Amino acid sequence: MDQTLTLGPVALTVVDLERSVRYYTQVAGFRLLDRQTRRAQLGVEGLVLVDLHEVAGAVAPPPSSPGLSHFAPLVPTRADVACFTERHLDAGFDVDPRDHVVSQSCYVTDPDGHAIEVPWACPQEQWHWTDEGLPVVVSTPIAVQDLLSEPGAGTPAPLPAGTQMGQTFSSR
């Protein structure tokens, strides 16, 4: 894959823009970068990651429908994943921390049903490889306390500069 390839912001439909801005800024750790009547852009300093559009009466599509499955802003450190996890726990949200060998992540769902994965890319020397030279990717749970004990994770902080859109996944 071309190493210069980057992904832009993900556009999400929300029912209540005020509620969503509150969630993304106070819980998920995004910065509000631009706000209009029915639209808000959020991300990290200098980079839009999420473009929210309010649509009255919008409903989340059923899980089996085609389209966006989840989006994944990639953070620079494992401690950043821990901070993201802790902010959600403190706000009473369910979290699902996962080890994929190539990355460690925390999965959450926003108030409109959009799934978010916040991953940290593990150093390649820790990866496992198939005989065909492909990385082995798994999904095993990470104990929340193990993640929260990561050095530098003690104080929940916003998503840091250096966060970028790591991936978006569509269902098939």
# chains A, B, ... in the order shown; residues from 1 in each chain; ligands from 1
>>> residues_around(residues="A:Val81", least_positions_apart="2", cutoff="10 Å", atoms="only C-alpha atoms", output="PyMOL selection string")
chain A and resi 74-79+83-86+97+104-107+117-120+147-148+150+153+156+159
>>> closest_atom_pairs(of="stretch 59-111 of chain A", to="stretch 124-128 of chain A", cutoff="10 Å", atoms="only C-alpha atoms", output="Markdown table")
| residue | atom | partner | partner_atom | distance |
| --- | --- | --- | --- | --- |
| A:His100 | CA | A:Trp127 | CA | 9.4 |
| A:Val101 | CA | A:Trp127 | CA | 5.8 |
| A:Val102 | CA | A:Trp127 | CA | 5.6 |
| A:Ser103 | CA | A:Trp127 | CA | 8.9 |
>>> write_last_selection(atoms="N, CA and C atoms", output="mmCIF file, in the first residue's frame")
data_model
loop_
_atom_site.group_PDB
_atom_site.id
_atom_site.type_symbol
_atom_site.label_atom_id
_atom_site.label_comp_id
_atom_site.auth_asym_id
_atom_site.auth_seq_id
_atom_site.Cartn_x
_atom_site.Cartn_y
_atom_site.Cartn_z
ATOM 1 N N HIS A 100 -5.030 -7.040 18.952
ATOM 2 C CA HIS A 100 -5.046 -7.599 17.594
ATOM 3 C C HIS A 100 -3.650 -8.041 17.156
ATOM 4 N N VAL A 101 -2.681 -8.037 18.036
ATOM 5 C CA VAL A 101 -1.263 -8.317 17.799
ATOM 6 C C VAL A 101 -0.603 -7.161 17.045
ATOM 7 N N VAL A 102 -1.214 -6.710 15.947
ATOM 8 C CA VAL A 102 -0.656 -5.572 15.200
ATOM 9 C C VAL A 102 -1.060 -4.242 15.828
ATOM 10 N N SER A 103 -2.090 -4.290 16.654
ATOM 11 C CA SER A 103 -2.570 -3.086 17.343
ATOM 12 C C SER A 103 -3.286 -3.498 18.623
#
>>> residues_around(residues="A:Val50", least_positions_apart="6", cutoff="9 Å", atoms="only C-alpha atoms", output="ChimeraX atom specification")
/A:8-12,30,40-43
>>> write_last_selection(atoms="N, CA, C and O atoms", output="compact mmCIF listing (two decimals), in the first residue's frame")
# COMPACT_ATOMS: atom_id res chain seq x y z
N GLY A 8 -9.36 10.70 5.07
CA GLY A 8 -9.93 11.95 5.55
C GLY A 8 -10.95 11.69 6.64
O GLY A 8 -11.08 10.57 7.15
N PRO A 9 -11.70 12.73 6.98
CA PRO A 9 -12.69 12.58 8.05
C PRO A 9 -13.84 11.66 7.64
O PRO A 9 -14.14 11.51 6.46
N VAL A 10 -14.46 11.07 8.64
CA VAL A 10 -15.65 10.26 8.42
C VAL A 10 -16.86 11.16 8.67
O VAL A 10 -16.87 11.98 9.59
N ALA A 11 -17.87 11.07 7.80
CA ALA A 11 -19.11 11.84 7.95
C ALA A 11 -20.14 10.94 8.62
O ALA A 11 -20.38 9.82 8.17
N LEU A 12 -20.73 11.44 9.71
CA LEU A 12 -21.71 10.68 10.47
C LEU A 12 -23.01 11.46 10.59
O LEU A 12 -22.99 12.67 10.85
N PHE A 30 -12.36 14.36 21.59
CA PHE A 30 -12.12 15.13 20.37
C PHE A 30 -12.21 16.62 20.69
O PHE A 30 -12.85 17.01 21.67
N ALA A 40 -21.09 19.86 12.72
CA ALA A 40 -19.92 20.13 13.56
C ALA A 40 -18.76 19.26 13.08
O ALA A 40 -18.96 18.12 12.69
N GLN A 41 -17.57 19.87 13.11
CA GLN A 41 -16.37 19.12 12.77
C GLN A 41 -15.51 18.99 14.01
O GLN A 41 -15.28 19.96 14.72
N LEU A 42 -15.05 17.76 14.25
CA LEU A 42 -14.27 17.47 15.44
C LEU A 42 -13.01 16.71 15.05
O LEU A 42 -12.96 16.05 14.03
N GLY A 43 -12.00 16.81 15.90
CA GLY A 43 -10.76 16.09 15.64
C GLY A 43 -9.71 16.47 16.66
O GLY A 43 -10.00 16.64 17.84
>>> select_by_dssp(residues="stretch 61-141 of chain A", states="helix (DSSP H, G or I)", output="ChimeraX atom specification")
/A:78-90,124-126
>>> write_last_selection(atoms="N, CA, C and O atoms", output="tab-separated table (two decimals), in the first residue's frame")
chain	number	residue	atom	x	y	z
A	78	ARG	N	-0.03	3.56	23.51
A	78	ARG	CA	-0.95	2.70	24.24
A	78	ARG	C	-1.60	3.47	25.40
A	78	ARG	O	-2.77	3.25	25.72
A	79	ALA	N	-0.85	4.39	26.01
A	79	ALA	CA	-1.42	5.21	27.08
A	79	ALA	C	-2.59	6.04	26.56
A	79	ALA	O	-3.55	6.29	27.31
A	80	ASP	N	-2.56	6.46	25.30
A	80	ASP	CA	-3.68	7.21	24.72
A	80	ASP	C	-4.93	6.33	24.63
A	80	ASP	O	-6.04	6.80	24.86
A	81	VAL	N	-4.74	5.05	24.29
A	81	VAL	CA	-5.87	4.11	24.27
A	81	VAL	C	-6.42	3.97	25.69
A	81	VAL	O	-7.64	3.97	25.91
A	82	ALA	N	-5.53	3.89	26.66
A	82	ALA	CA	-5.95	3.77	28.07
A	82	ALA	C	-6.73	5.00	28.51
A	82	ALA	O	-7.76	4.88	29.18
A	83	CYS	N	-6.27	6.19	28.15
A	83	CYS	CA	-6.99	7.42	28.51
A	83	CYS	C	-8.37	7.45	27.89
A	83	CYS	O	-9.35	7.82	28.55
A	84	PHE	N	-8.47	7.06	26.61
A	84	PHE	CA	-9.76	7.00	25.92
A	84	PHE	C	-10.69	6.03	26.65
A	84	PHE	O	-11.86	6.33	26.90
A	85	THR	N	-10.14	4.88	27.04
A	85	THR	CA	-10.92	3.87	27.76
A	85	THR	C	-11.40	4.41	29.11
A	85	THR	O	-12.58	4.28	29.46
A	86	GLU	N	-10.49	5.04	29.83
A	86	GLU	CA	-10.84	5.56	31.16
A	86	GLU	C	-11.91	6.65	31.09
A	86	GLU	O	-12.83	6.68	31.91
A	87	ARG	N	-11.82	7.54	30.10
A	87	ARG	CA	-12.86	8.57	29.94
A	87	ARG	C	-14.23	7.93	29.75
A	87	ARG	O	-15.23	8.40	30.29
A	88	HIS	N	-14.29	6.86	28.96
A	88	HIS	CA	-15.58	6.20	28.73
A	88	HIS	C	-16.08	5.48	29.98
A	88	HIS	O	-17.27	5.56	30.30
A	89	LEU	N	-15.20	4.82	30.69
A	89	LEU	CA	-15.60	4.17	31.94
A	89	LEU	C	-16.10	5.20	32.95
A	89	LEU	O	-17.13	4.99	33.59
A	90	ASP	N	-15.39	6.32	33.08
A	90	ASP	CA	-15.80	7.38	34.01
A	90	ASP	C	-17.17	7.94	33.67
A	90	ASP	O	-17.90	8.38	34.56
A	124	GLN	N	6.23	-3.16	14.94
A	124	GLN	CA	6.25	-4.30	14.03
A	124	GLN	C	7.09	-5.46	14.54
A	124	GLN	O	6.81	-6.60	14.23
A	125	GLU	N	8.10	-5.18	15.36
A	125	GLU	CA	8.91	-6.28	15.89
A	125	GLU	C	8.12	-7.18	16.84
A	125	GLU	O	8.55	-8.28	17.16
A	126	GLN	N	6.96	-6.73	17.29
A	126	GLN	CA	6.09	-7.55	18.15
A	126	GLN	C	5.06	-8.35	17.35
A	126	GLN	O	4.36	-9.19	17.89
>>> atom_distance(atom1="atom CA of A:Pro151", atom2="atom CA of A:Pro123")
16.9 Å
>>> select_by_dssp(residues="stretch 1-165 of chain A", states="strand (DSSP E)", output="PyMOL selection string")
chain A and resi 10-14+31-35+39-44+47-54+67-74+96-99+103-109+115-121+140-141+164-165
>>> closest_atom_pairs(of="stretch 68-151 of chain A", to="stretch 55-60 of chain A", cutoff="10 Å", atoms="only C-alpha atoms", output="Markdown table")
| residue | atom | partner | partner_atom | distance |
| --- | --- | --- | --- | --- |
| A:Asp112 | CA | A:Ala60 | CA | 6.7 |
| A:Gly113 | CA | A:Ala60 | CA | 6.2 |
| A:His114 | CA | A:Ala60 | CA | 7.8 |
>>> write_last_selection(atoms="N, CA and C atoms", output="PDB file, in the first residue's frame")
ATOM      1  N   ASP A 112     -25.420   7.649  19.052  1.00  0.00           N
ATOM      2  CA  ASP A 112     -26.216   7.370  17.855  1.00  0.00           C
ATOM      3  C   ASP A 112     -25.983   5.966  17.307  1.00  0.00           C
ATOM      4  N   GLY A 113     -25.203   5.163  18.011  1.00  0.00           N
ATOM      5  CA  GLY A 113     -24.962   3.796  17.576  1.00  0.00           C
ATOM      6  C   GLY A 113     -23.777   3.611  16.655  1.00  0.00           C
ATOM      7  N   HIS A 114     -22.971   4.653  16.437  1.00  0.00           N
ATOM      8  CA  HIS A 114     -21.773   4.534  15.615  1.00  0.00           C
ATOM      9  C   HIS A 114     -20.661   3.891  16.434  1.00  0.00           C
TER      10      HIS A 114
END
>>> closest_residue(among="A:Val44, A:Glu54, A:Leu32, A:Thr37", to="A:Thr13", atoms="only C-alpha atoms")
A:Glu54
>>> closest_residue(among="A:Val144, A:Ala121, A:Met165, A:Ala28", to="A:Asp96", atoms="only C-alpha atoms")
A:Val144
